[in-house]
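A.B. asks: File input-v7.cif below, mmCIF, C-alpha atoms and all ligand atoms:
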data_final
#
loop_
_atom_site.label_atom_id
_atom_site.label_comp_id
_atom_site.auth_asym_id
_atom_site.auth_seq_id
_atom_site.Cartn_x
_atom_site.Cartn_y
_atom_site.Cartn_z
CA MET A 1 -71.29 -39.27 -38.53
CA LYS A 2 -68.77 -38.28 -35.86
CA VAL A 3 -65.34 -37.47 -37.24
CA LEU A 4 -61.93 -37.20 -35.58
CA VAL A 5 -59.10 -35.13 -37.09
CA ILE A 6 -55.57 -35.83 -35.81
CA GLY A 7 -53.24 -32.83 -35.73
CA SER A 8 -52.94 -29.25 -34.53
CA GLY A 9 -51.86 -27.05 -37.44
CA GLY A 10 -53.25 -24.97 -40.29
CA ARG A 11 -53.62 -28.06 -42.47
CA GLU A 12 -55.84 -29.73 -39.89
CA HIS A 13 -57.82 -26.52 -39.40
CA ALA A 14 -58.52 -26.52 -43.17
CA ILE A 15 -59.58 -30.19 -42.96
CA VAL A 16 -61.91 -29.40 -40.06
CA ASP A 17 -63.30 -26.47 -42.05
CA ALA A 18 -63.95 -28.69 -45.10
CA LEU A 19 -65.61 -31.34 -42.88
CA SER A 20 -67.82 -28.71 -41.28
CA ARG A 21 -69.30 -27.99 -44.74
CA SER A 22 -70.53 -31.59 -45.02
CA PRO A 23 -74.17 -32.27 -44.11
CA GLN A 24 -73.10 -35.80 -43.14
CA VAL A 25 -71.00 -34.60 -40.22
CA GLU A 26 -72.72 -34.52 -36.85
CA LYS A 27 -69.70 -33.65 -34.72
CA ILE A 28 -65.99 -33.03 -35.25
CA TYR A 29 -63.27 -33.78 -32.70
CA ALA A 30 -59.68 -32.64 -33.14
CA ALA A 31 -56.76 -34.21 -31.28
CA PRO A 32 -55.06 -32.16 -30.03
CA GLY A 33 -56.51 -29.37 -32.22
CA ASN A 34 -55.86 -25.66 -31.77
CA ALA A 35 -57.56 -22.42 -30.74
CA GLY A 36 -58.77 -21.66 -34.27
CA MET A 37 -60.60 -24.95 -34.75
CA ALA A 38 -62.31 -24.77 -31.40
CA THR A 39 -65.41 -23.08 -32.88
CA GLN A 40 -65.94 -25.97 -35.34
CA ALA A 41 -64.49 -28.90 -33.44
CA GLU A 42 -64.16 -30.12 -29.89
CA CYS A 43 -60.46 -30.28 -29.05
CA VAL A 44 -59.34 -33.39 -27.20
CA ALA A 45 -56.07 -33.43 -25.25
CA ILE A 46 -54.42 -36.42 -26.95
CA ARG A 47 -51.16 -35.92 -28.81
CA GLU A 48 -50.62 -36.91 -32.46
CA THR A 49 -48.35 -39.83 -31.54
CA GLU A 50 -50.46 -41.32 -28.73
CA ILE A 51 -51.78 -43.97 -31.08
CA GLU A 52 -53.43 -46.30 -28.56
CA ALA A 53 -55.13 -43.41 -26.76
CA LEU A 54 -56.45 -42.09 -30.09
CA ALA A 55 -57.85 -45.51 -31.01
CA ALA A 56 -59.44 -45.90 -27.57
CA PHE A 57 -61.06 -42.47 -27.94
CA ALA A 58 -62.37 -43.31 -31.43
CA LYS A 59 -63.89 -46.53 -30.10
CA GLU A 60 -65.42 -44.93 -27.05
CA GLN A 61 -66.97 -42.04 -29.01
CA GLN A 62 -68.06 -44.26 -31.92
CA ILE A 63 -66.13 -42.17 -34.42
CA GLY A 64 -67.17 -43.12 -37.96
CA LEU A 65 -64.10 -41.66 -39.67
CA THR A 66 -60.67 -40.51 -38.50
CA VAL A 67 -58.53 -38.27 -40.72
CA VAL A 68 -54.78 -38.11 -40.16
CA GLY A 69 -52.96 -34.80 -40.75
CA PRO A 70 -49.29 -35.08 -39.80
CA GLU A 71 -46.59 -37.50 -40.89
CA VAL A 72 -45.52 -38.21 -37.30
CA SER A 73 -48.80 -40.01 -36.69
CA LEU A 74 -48.39 -42.06 -39.87
CA ALA A 75 -44.81 -42.94 -38.99
CA ALA A 76 -46.00 -44.00 -35.51
CA GLY A 77 -48.38 -46.47 -37.20
CA VAL A 78 -51.73 -44.85 -36.42
CA VAL A 79 -53.38 -46.28 -39.55
CA ASP A 80 -52.17 -49.83 -38.88
CA CYS A 81 -53.40 -49.60 -35.29
CA PHE A 82 -56.87 -48.26 -36.20
CA THR A 83 -57.31 -50.74 -39.04
CA GLU A 84 -56.41 -53.71 -36.82
CA GLN A 85 -59.13 -52.59 -34.44
CA GLY A 86 -61.71 -52.24 -37.20
CA LEU A 87 -61.77 -48.43 -37.04
CA ARG A 88 -62.17 -46.49 -40.30
CA ILE A 89 -59.25 -44.15 -40.91
CA PHE A 90 -58.05 -41.97 -43.81
CA GLY A 91 -54.30 -42.23 -44.34
CA PRO A 92 -51.60 -44.68 -45.48
CA THR A 93 -50.17 -47.53 -43.42
CA LYS A 94 -46.67 -47.22 -42.02
CA ALA A 95 -45.35 -49.37 -44.89
CA ALA A 96 -47.01 -47.17 -47.51
CA ALA A 97 -45.89 -43.97 -45.76
CA ARG A 98 -42.28 -44.98 -46.49
CA ILE A 99 -42.75 -43.11 -49.76
CA GLU A 100 -42.21 -40.04 -47.55
CA SER A 101 -40.32 -41.36 -44.53
CA SER A 102 -37.57 -43.05 -46.56
CA LYS A 103 -35.95 -41.11 -49.39
CA GLU A 104 -34.18 -44.29 -50.49
CA PHE A 105 -37.44 -46.26 -50.70
CA ALA A 106 -38.99 -43.49 -52.80
CA LYS A 107 -35.98 -43.16 -55.10
CA GLU A 108 -35.69 -46.93 -55.65
CA LEU A 109 -39.39 -47.24 -56.38
CA MET A 110 -39.11 -44.44 -58.96
CA ALA A 111 -36.03 -46.07 -60.53
CA LYS A 112 -37.76 -49.47 -60.71
CA TYR A 113 -40.95 -48.09 -62.29
CA ALA A 114 -39.27 -45.47 -64.52
CA VAL A 115 -40.88 -42.46 -62.84
CA PRO A 116 -39.05 -39.26 -63.90
CA THR A 117 -36.83 -37.91 -61.09
CA ALA A 118 -33.27 -36.72 -60.45
CA GLY A 119 -30.53 -39.37 -60.73
CA PHE A 120 -29.28 -40.49 -57.30
CA LYS A 121 -26.96 -42.64 -55.22
CA ALA A 122 -27.31 -43.58 -51.52
CA PHE A 123 -24.46 -43.69 -48.96
CA THR A 124 -23.93 -44.68 -45.34
CA ASP A 125 -20.15 -44.17 -45.28
CA PHE A 126 -18.78 -40.63 -45.07
CA GLU A 127 -15.56 -41.31 -47.04
CA GLU A 128 -17.45 -42.94 -49.92
CA ALA A 129 -20.06 -40.18 -50.00
CA TRP A 130 -17.40 -37.48 -49.94
CA ALA A 131 -15.35 -39.15 -52.72
CA TYR A 132 -18.48 -39.31 -54.91
CA VAL A 133 -19.69 -35.77 -54.20
CA SER A 134 -16.30 -34.06 -54.50
CA ALA A 135 -15.77 -35.56 -57.97
CA ARG A 136 -19.09 -34.18 -59.29
CA PRO A 137 -20.26 -30.70 -60.32
CA PHE A 138 -21.81 -28.34 -57.75
CA PRO A 139 -24.40 -27.53 -56.45
CA ALA A 140 -24.66 -30.92 -54.76
CA VAL A 141 -28.06 -32.08 -53.49
CA LEU A 142 -27.69 -33.99 -50.21
CA LYS A 143 -30.72 -35.53 -48.54
CA TYR A 144 -30.68 -37.12 -45.14
CA ASP A 145 -32.79 -40.28 -45.31
CA GLY A 146 -35.58 -40.06 -42.80
CA LEU A 147 -38.06 -37.59 -41.38
CA ALA A 148 -36.16 -34.43 -40.57
CA ALA A 149 -39.02 -31.91 -40.58
CA GLY A 150 -37.89 -30.31 -43.81
CA LYS A 151 -34.38 -29.72 -42.53
CA GLY A 152 -32.76 -32.83 -43.97
CA VAL A 153 -32.01 -31.38 -47.42
CA VAL A 154 -28.86 -29.41 -48.15
CA ILE A 155 -28.14 -27.82 -51.53
CA ALA A 156 -24.38 -27.32 -51.17
CA LEU A 157 -22.99 -24.66 -53.50
CA THR A 158 -19.33 -25.38 -52.66
CA ALA A 159 -17.15 -28.35 -51.70
CA GLU A 160 -16.72 -26.92 -48.17
CA GLU A 161 -20.48 -26.73 -47.61
CA ALA A 162 -20.95 -30.25 -48.95
CA GLU A 163 -18.21 -31.69 -46.76
CA GLU A 164 -19.64 -30.03 -43.67
CA ALA A 165 -23.18 -31.24 -44.42
CA LEU A 166 -22.03 -34.81 -45.06
CA LYS A 167 -20.10 -34.76 -41.78
CA ASP A 168 -23.21 -33.59 -39.95
CA MET A 169 -25.33 -36.27 -41.57
CA LEU A 170 -22.94 -39.25 -41.53
CA LEU A 171 -20.29 -38.63 -38.88
CA ASP A 172 -21.96 -36.54 -36.19
CA THR A 173 -25.31 -38.25 -36.87
CA LYS A 174 -27.02 -35.01 -35.96
CA PHE A 175 -30.37 -36.49 -37.02
CA GLY A 176 -29.67 -40.04 -35.74
CA ALA A 177 -27.75 -42.75 -37.60
CA GLY A 178 -28.81 -42.93 -41.21
CA LYS A 179 -28.16 -42.70 -44.90
CA VAL A 180 -27.62 -39.86 -47.31
CA VAL A 181 -29.08 -39.77 -50.81
CA VAL A 182 -27.02 -37.67 -53.23
CA GLU A 183 -29.04 -36.38 -56.20
CA ASP A 184 -28.48 -34.59 -59.49
CA PHE A 185 -29.29 -30.89 -59.24
CA LEU A 186 -32.46 -29.97 -61.17
CA THR A 187 -33.77 -26.51 -62.07
CA GLY A 188 -37.23 -25.06 -62.73
CA PRO A 189 -40.32 -23.91 -60.83
CA GLU A 190 -41.70 -26.31 -58.25
CA PHE A 191 -45.34 -27.16 -57.67
CA SER A 192 -47.39 -29.48 -55.49
CA PHE A 193 -49.70 -32.06 -57.00
CA MET A 194 -51.79 -33.78 -54.35
CA CYS A 195 -54.01 -36.72 -55.26
CA PHE A 196 -56.48 -38.78 -53.30
CA VAL A 197 -55.27 -42.34 -53.81
CA SER A 198 -56.93 -45.65 -52.97
CA GLY A 199 -54.94 -48.60 -54.30
CA GLU A 200 -54.76 -48.03 -58.05
CA LYS A 201 -57.46 -45.35 -58.05
CA VAL A 202 -56.20 -41.78 -58.28
CA TRP A 203 -58.31 -38.61 -57.97
CA PRO A 204 -56.26 -35.48 -58.69
CA MET A 205 -56.69 -32.29 -56.68
CA GLN A 206 -56.09 -28.76 -57.95
CA LEU A 207 -52.44 -27.71 -58.11
CA ALA A 208 -50.79 -25.35 -55.66
CA GLN A 209 -47.39 -23.74 -55.19
CA ASP A 210 -45.68 -23.36 -51.83
CA HIS A 211 -42.96 -20.79 -50.97
CA LYS A 212 -40.31 -22.50 -48.84
CA ARG A 213 -37.87 -19.68 -48.11
CA ALA A 214 -38.46 -17.42 -45.13
CA TYR A 215 -38.06 -14.02 -46.82
CA GLU A 216 -39.31 -12.12 -49.85
CA GLY A 217 -37.62 -12.83 -53.16
CA ASP A 218 -37.22 -16.47 -52.07
CA LYS A 219 -34.30 -15.54 -49.82
CA GLY A 220 -33.30 -16.79 -46.40
CA PRO A 221 -33.54 -20.19 -44.76
CA ASN A 222 -35.91 -23.00 -45.72
CA THR A 223 -39.12 -23.22 -43.70
CA GLY A 224 -42.17 -25.45 -43.55
CA GLY A 225 -43.73 -23.08 -46.14
CA MET A 226 -44.53 -19.34 -46.02
CA GLY A 227 -47.49 -19.14 -48.39
CA ALA A 228 -49.30 -20.85 -51.24
CA TYR A 229 -51.83 -20.28 -53.99
CA SER A 230 -54.01 -22.18 -56.44
CA PRO A 231 -54.52 -22.58 -59.43
CA LEU A 232 -51.15 -22.36 -61.22
CA ALA A 233 -51.04 -20.62 -64.60
CA PHE A 234 -47.51 -21.80 -65.38
CA VAL A 235 -48.37 -25.50 -65.33
CA THR A 236 -50.12 -26.39 -68.59
CA GLU A 237 -52.87 -28.95 -68.89
CA GLU A 238 -50.34 -31.07 -70.79
CA ASP A 239 -47.85 -30.91 -67.87
CA GLU A 240 -50.60 -31.85 -65.45
CA GLN A 241 -51.73 -34.77 -67.58
CA TYR A 242 -48.13 -35.93 -67.94
CA ALA A 243 -47.65 -35.80 -64.16
CA LEU A 244 -50.84 -37.76 -63.59
CA GLU A 245 -50.04 -40.46 -66.19
CA HIS A 246 -46.28 -40.74 -65.63
CA VAL A 247 -45.95 -40.01 -61.93
CA LEU A 248 -49.01 -40.26 -59.70
CA LYS A 249 -50.86 -43.14 -61.38
CA PRO A 250 -47.76 -45.32 -61.93
CA VAL A 251 -46.65 -44.76 -58.34
CA ALA A 252 -50.08 -45.74 -57.00
CA ALA A 253 -49.96 -48.91 -59.14
CA ALA A 254 -46.36 -49.60 -58.04
CA MET A 255 -47.31 -49.40 -54.37
CA VAL A 256 -49.97 -52.06 -54.98
CA LYS A 257 -47.42 -54.27 -56.78
CA GLU A 258 -44.90 -53.81 -53.97
CA GLY A 259 -47.44 -55.10 -51.47
CA CYS A 260 -48.04 -51.77 -49.70
CA PRO A 261 -51.10 -50.24 -51.39
CA PHE A 262 -51.45 -46.54 -50.68
CA ARG A 263 -54.63 -45.05 -49.21
CA GLY A 264 -54.73 -41.36 -48.44
CA VAL A 265 -53.18 -38.27 -49.99
CA LEU A 266 -50.18 -38.87 -52.21
CA TYR A 267 -48.38 -35.55 -52.55
CA GLY A 268 -46.05 -35.14 -55.51
CA GLY A 269 -43.50 -32.36 -54.98
CA LEU A 270 -42.75 -31.78 -58.66
CA MET A 271 -40.46 -29.56 -60.69
CA LYS A 272 -41.08 -28.28 -64.21
CA THR A 273 -37.55 -28.73 -65.54
CA PRO A 274 -36.31 -27.94 -69.08
CA ASP A 275 -36.58 -31.74 -69.69
CA GLY A 276 -40.16 -32.02 -68.47
CA VAL A 277 -41.87 -32.59 -65.12
CA LYS A 278 -39.80 -34.51 -62.56
CA VAL A 279 -40.30 -35.62 -58.96
CA ILE A 280 -38.42 -33.84 -56.19
CA GLU A 281 -40.11 -35.69 -53.35
CA PHE A 282 -43.26 -37.46 -52.26
CA ASN A 283 -45.24 -36.88 -49.12
CA ALA A 284 -47.74 -39.37 -47.74
CA ARG A 285 -50.18 -36.73 -46.49
CA PHE A 286 -51.80 -33.38 -47.22
CA GLY A 287 -49.22 -30.59 -47.75
CA ASP A 288 -49.05 -27.70 -45.35
CA PRO A 289 -49.82 -24.91 -46.37
CA GLU A 290 -51.04 -26.20 -49.78
CA THR A 291 -54.09 -27.85 -48.18
CA GLU A 292 -55.25 -24.51 -46.82
CA VAL A 293 -55.55 -23.10 -50.37
CA VAL A 294 -56.71 -26.28 -52.13
CA LEU A 295 -59.51 -27.56 -49.86
CA PRO A 296 -61.43 -24.25 -49.88
CA ARG A 297 -61.73 -24.78 -53.67
CA LEU A 298 -63.30 -28.24 -53.25
CA LYS A 299 -66.98 -28.25 -54.12
CA SER A 300 -67.65 -31.96 -53.40
CA ASP A 301 -68.50 -33.31 -49.97
CA ILE A 302 -65.13 -34.27 -48.47
CA VAL A 303 -66.70 -37.01 -46.34
CA ASP A 304 -67.66 -38.89 -49.52
CA ILE A 305 -64.03 -38.68 -50.68
CA PHE A 306 -62.45 -39.71 -47.38
CA CYS A 307 -64.83 -42.68 -47.09
CA ALA A 308 -64.34 -43.75 -50.73
CA VAL A 309 -60.56 -43.75 -50.23
CA ALA A 310 -60.73 -45.62 -46.94
CA ASP A 311 -63.30 -48.15 -48.18
CA GLY A 312 -61.98 -48.55 -51.74
CA THR A 313 -65.25 -47.42 -53.34
CA ASP A 314 -65.87 -44.78 -56.04
CA THR A 315 -66.33 -41.04 -55.92
CA GLU A 316 -66.01 -37.88 -58.02
CA LEU A 317 -64.34 -34.54 -57.35
CA GLU A 318 -65.76 -31.15 -58.29
CA TRP A 319 -63.98 -27.83 -57.88
CA HIS A 320 -64.85 -24.15 -57.63
CA ASP A 321 -63.44 -21.80 -60.28
CA PHE A 322 -62.24 -19.12 -57.86
CA ALA A 323 -58.57 -18.72 -56.95
CA THR A 324 -57.09 -18.76 -53.44
CA LEU A 325 -53.87 -17.32 -52.04
CA GLY A 326 -52.69 -17.72 -48.48
CA ILE A 327 -50.01 -15.92 -46.49
CA VAL A 328 -48.28 -17.35 -43.42
CA MET A 329 -47.85 -15.02 -40.46
CA ALA A 330 -44.85 -16.40 -38.57
CA SER A 331 -43.18 -15.52 -35.28
CA LYS A 332 -40.19 -13.17 -35.70
CA GLY A 333 -37.07 -15.33 -35.70
CA TYR A 334 -38.74 -18.36 -37.33
CA PRO A 335 -37.39 -20.82 -38.57
CA GLY A 336 -34.81 -20.12 -35.83
CA ASP A 337 -35.65 -19.32 -32.20
CA TYR A 338 -38.76 -17.28 -31.48
CA ALA A 339 -40.90 -16.12 -28.58
CA LYS A 340 -44.32 -17.61 -27.78
CA GLY A 341 -47.32 -16.25 -25.92
CA VAL A 342 -47.67 -12.90 -27.72
CA GLU A 343 -51.28 -11.67 -27.97
CA ILE A 344 -53.01 -11.55 -31.39
CA GLY A 345 -55.77 -9.01 -32.09
CA GLY A 346 -57.87 -8.03 -35.09
CA LEU A 347 -58.94 -11.57 -35.98
CA ASP A 348 -62.56 -10.36 -36.13
CA LYS A 349 -61.65 -7.74 -38.77
CA VAL A 350 -60.64 -10.08 -41.58
CA GLU A 351 -62.87 -10.61 -44.66
CA GLY A 352 -61.41 -13.94 -45.77
CA THR A 353 -60.48 -17.07 -43.85
CA VAL A 354 -57.81 -17.43 -41.18
CA TYR A 355 -56.50 -20.89 -40.40
CA HIS A 356 -54.58 -21.20 -37.15
CA MET A 357 -51.21 -22.91 -37.45
CA GLY A 358 -49.76 -22.35 -33.99
CA THR A 359 -51.99 -20.53 -31.51
CA LYS A 360 -53.28 -21.03 -28.01
CA ALA A 361 -56.39 -19.62 -26.32
CA VAL A 362 -55.92 -18.38 -22.77
CA ASP A 363 -58.82 -16.75 -20.95
CA GLY A 364 -60.51 -15.77 -24.19
CA ARG A 365 -57.33 -14.23 -25.65
CA VAL A 366 -55.51 -15.76 -28.62
CA LEU A 367 -51.73 -16.06 -28.19
CA THR A 368 -48.93 -17.08 -30.54
CA ASN A 369 -47.80 -20.63 -29.82
CA GLY A 370 -45.48 -21.71 -32.63
CA GLY A 371 -43.18 -20.71 -35.48
CA ARG A 372 -45.89 -20.50 -38.09
CA VAL A 373 -48.85 -18.90 -36.32
CA LEU A 374 -51.63 -17.95 -38.75
CA PHE A 375 -52.48 -18.64 -42.38
CA VAL A 376 -54.56 -15.92 -43.98
CA VAL A 377 -56.43 -17.03 -47.13
CA GLY A 378 -57.82 -14.62 -49.69
CA LYS A 379 -60.28 -15.61 -52.41
CA GLY A 380 -60.89 -13.98 -55.79
CA ALA A 381 -61.74 -14.47 -59.44
CA THR A 382 -57.97 -14.42 -60.10
CA VAL A 383 -54.84 -15.14 -58.06
CA ALA A 384 -54.13 -11.37 -58.14
CA GLU A 385 -57.50 -10.61 -56.52
CA ALA A 386 -57.00 -13.36 -53.98
CA ARG A 387 -53.65 -11.82 -53.04
CA GLU A 388 -55.20 -8.36 -52.60
CA GLN A 389 -57.73 -9.75 -50.15
CA ALA A 390 -55.11 -11.78 -48.27
CA LEU A 391 -52.84 -8.72 -47.95
CA ARG A 392 -55.71 -6.57 -46.67
CA ASP A 393 -56.51 -9.22 -44.08
CA VAL A 394 -52.89 -9.66 -43.00
CA LYS A 395 -52.72 -5.91 -42.33
CA ALA A 396 -55.88 -6.09 -40.19
CA ILE A 397 -54.24 -8.54 -37.81
CA GLU A 398 -52.56 -6.92 -34.85
CA CYS A 399 -49.56 -8.59 -33.30
CA ASP A 400 -46.09 -7.23 -32.50
CA ASN A 401 -44.22 -10.43 -33.04
CA LEU A 402 -45.32 -11.65 -36.48
CA PHE A 403 -43.80 -11.26 -39.96
CA TYR A 404 -44.99 -12.36 -43.41
CA ARG A 405 -44.02 -12.37 -47.08
CA ALA A 406 -45.99 -9.87 -49.19
CA ASP A 407 -44.76 -11.51 -52.41
CA ILE A 408 -46.60 -14.84 -52.29
CA GLY A 409 -47.57 -15.71 -55.87
CA HIS A 410 -44.70 -13.64 -57.32
CA TYR A 411 -43.88 -16.37 -59.84
CA VAL A 412 -47.11 -15.62 -61.72
CA LEU A 413 -47.95 -12.10 -60.51
CA ASP A 414 -44.80 -9.93 -60.37
P1 LIG B 501 -37.28 -32.00 -50.42
O1 LIG B 501 -37.37 -32.03 -48.93
O2 LIG B 501 -36.81 -33.27 -51.03
O3 LIG B 501 -38.56 -31.47 -51.04
O4 LIG B 501 -36.23 -30.86 -50.78
C1 LIG B 501 -36.37 -29.54 -50.29
C2 LIG B 501 -36.10 -28.54 -51.39
O5 LIG B 501 -34.78 -28.71 -51.91
C3 LIG B 501 -37.01 -28.71 -52.59
O6 LIG B 501 -38.22 -28.07 -52.43
C4 LIG B 501 -36.18 -28.12 -53.70
O7 LIG B 501 -36.30 -26.71 -53.72
C5 LIG B 501 -34.78 -28.48 -53.31
N1 LIG B 501 -34.36 -29.70 -54.01
C6 LIG B 501 -34.55 -30.97 -53.60
N2 LIG B 501 -34.06 -31.86 -54.49
C7 LIG B 501 -33.54 -31.14 -55.49
C8 LIG B 501 -32.87 -31.46 -56.72
N3 LIG B 501 -32.62 -32.74 -57.07
N4 LIG B 501 -32.46 -30.45 -57.51
C9 LIG B 501 -32.68 -29.17 -57.15
N5 LIG B 501 -33.29 -28.79 -56.02
C10 LIG B 501 -33.72 -29.75 -55.19
N1 LIG B 502 -45.54 -27.72 -48.08
C1 LIG B 502 -44.63 -28.79 -48.04
C2 LIG B 502 -45.04 -29.92 -47.21
O1 LIG B 502 -46.16 -30.04 -46.76
O2 LIG B 502 -44.21 -30.79 -46.97
#
Could you rewrite the structure in this file as structure tokens?
Ligand code: AMP
Ligand code: GLY
C.D. replies:
Amino acid sequence: MKVLVIGSGGREHAIVDALSRSPQVEKIYAAPGNAGMATQAECVAIRETEIEALAAFAKEQQIGLTVVGPEVSLAAGVVDCFTEQGLRIFGPTKAAARIESSKEFAKELMAKYAVPTAGFKAFTDFEEAWAYVSARPFPAVLKYDGLAAGKGVVIALTAEEAEEALKDMLLDTKFGAGKVVVEDFLTGPEFSFMCFVSGEKVWPMQLAQDHKRAYEGDKGPNTGGMGAYSPLAFVTEEDEQYALEHVLKPVAAAMVKEGCPFRGVLYGGLMKTPDGVKVIEFNARFGDPETEVVLPRLKSDIVDIFCAVADGTDTELEWHDFATLGIVMASKGYPGDYAKGVEIGGLDKVEGTVYHMGTKAVDGRVLTNGGRVLFVVGKGATVAEAREQALRDVKAIECDNLFYRADIGHYVLD
């Protein structure tokens, strides 16, 4: 089978890597792909949002399966477009992807089906939002409703911060006209529970934990994620079972009842609060960088899973026992401004796996080409061993303009 992967980051590199382990795969294309995948996949110069061009390519090349990485493609309707043309694709429709693209849709669905999450209220008017927020305890959790690339959530510690954020979101419409969801503030460690979902069928993946803050000790600004590891010792089997039975399965069933059955990866961003596991957010796709530590642990043939989800048939998942831990190497300045085009050396010296997140190949040299540049994954019998390998590999990579967090996994290790 010929397979097409849509996307250009570390997540898509990990998907390409998993596909390349399948004996069923004859050829992999990646659109637009990146320098790291180029050894396993042929990169095609079509952007993630060029839906018609992607469908035309899939038809022309007789692609048997297309796998969607990023949310922008889902929000642009890539799955609807492919499905209408009879092309097999792994991912949710635009209507089902609202579980990620609309905070209000997700919160109302959870309220209707009694899925445990923070209490909330939605606003479009600044004065009303401000009256509500200023009369409640701080911190205040303010979420801009819509895709804001991880930058739409503000945890305001003071009234001044909250007022400023609400002004940005509702008066200055910095992100475009929209709504704000105000939530109760929850506490506890967060973890990511991704499941393959096809209608009411739910196949859980291994758990992972992301590290969203830029600097060690979970300090600094929020980012797309600075590192991840799997499995998670702090989430008990009981917690996991609870999340599956009270969150992921009911949500899959609810999406069917609401007339927008979900097919793809349903990602539960969960928190282990003193009152039990609760939902912080849903994503309608593989997490990045969680995918880069979870898929290497998958023993089953991923093509069987993708096809079962897309076709609504059955499958089974098997996992390796080893642990994985991955460290992001990001451009200095990220998540703010950063330089691009800085040469990277030492990639041939690493023992583990390196997924490229934002690189570019120019005349045989690999250059930085994004905020998050590389994802270095270590493997071991334990998370501690996996971290040792990842740290050794990070140190083998030579580049003047990259930084990383040496404390990934600190919640269980330090
Ligand atoms: P989200 O984009 O919804 O995942 O929010 C980004 C981050 O904000 C989460 O990973 C949490 O760390 C934090 N956060 C979101 N909602 C809440 C909440 N209700 N209580 C406490 N922290 C939250
Ligand atoms: N790692 C968080 C996300 O993929 O949204």
A.B. asks: Could you give me, as CSV, a per-residue list for chain A showing, wherever an atom lies at most 6 Å from an atom of ligand LIG 502 (chain B), the closest pair of atoms and their distance in Å to one decimal, using all atoms listed in the file and sorting by chain then residue number from low to high?
C.D. replies:
residue,atom,partner,partner_atom,distance
A:Asp210,CA,B:LIG502,N1,5.8
A:Gly225,CA,B:LIG502,N1,5.3
A:Gly287,CA,B:LIG502,O1,3.3
A:Asp288,CA,B:LIG502,O1,4.0
A:Pro289,CA,B:LIG502,N1,5.4
A:Glu290,CA,B:LIG502,N1,6.0
A.B. asks: Go through the chains and note each residue within 6 Å of ligand LIG 501 (chain B), using all atoms listed in the file, then give the set as a PyMOL selection string.
C.D. replies: chain A and resi 118+141+150+153+183-187+280-281
A.B. asks: Taking only C-alpha atoms into account, name the residue in A:Gly370, A:Gly264, A:Gly378, A:Pro137 that is nearest to Lys94 (chain A).
C.D. replies: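 Using only C-alpha atoms, Lys94 (chain A) sits closest to A:Gly264.
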A.B. asks: Between A:Lys143, A:Lys103, A:His13, A:Arg365, single out the one closest to Val180 (chain A), counting all atoms listed in the file.
C.D. replies: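 Looking at the shortest contact to Val180 (chain A), the residue is A:Lys143.
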A.B. asks: Work out how far CA of Pro231 (chain A) is from CA of Gly326 (chain A), in Å to one decimal.
C.D. replies: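 Value for the CA of Gly326 (chain A)-CA of Pro231 (chain A) distance: 12.1 Å.
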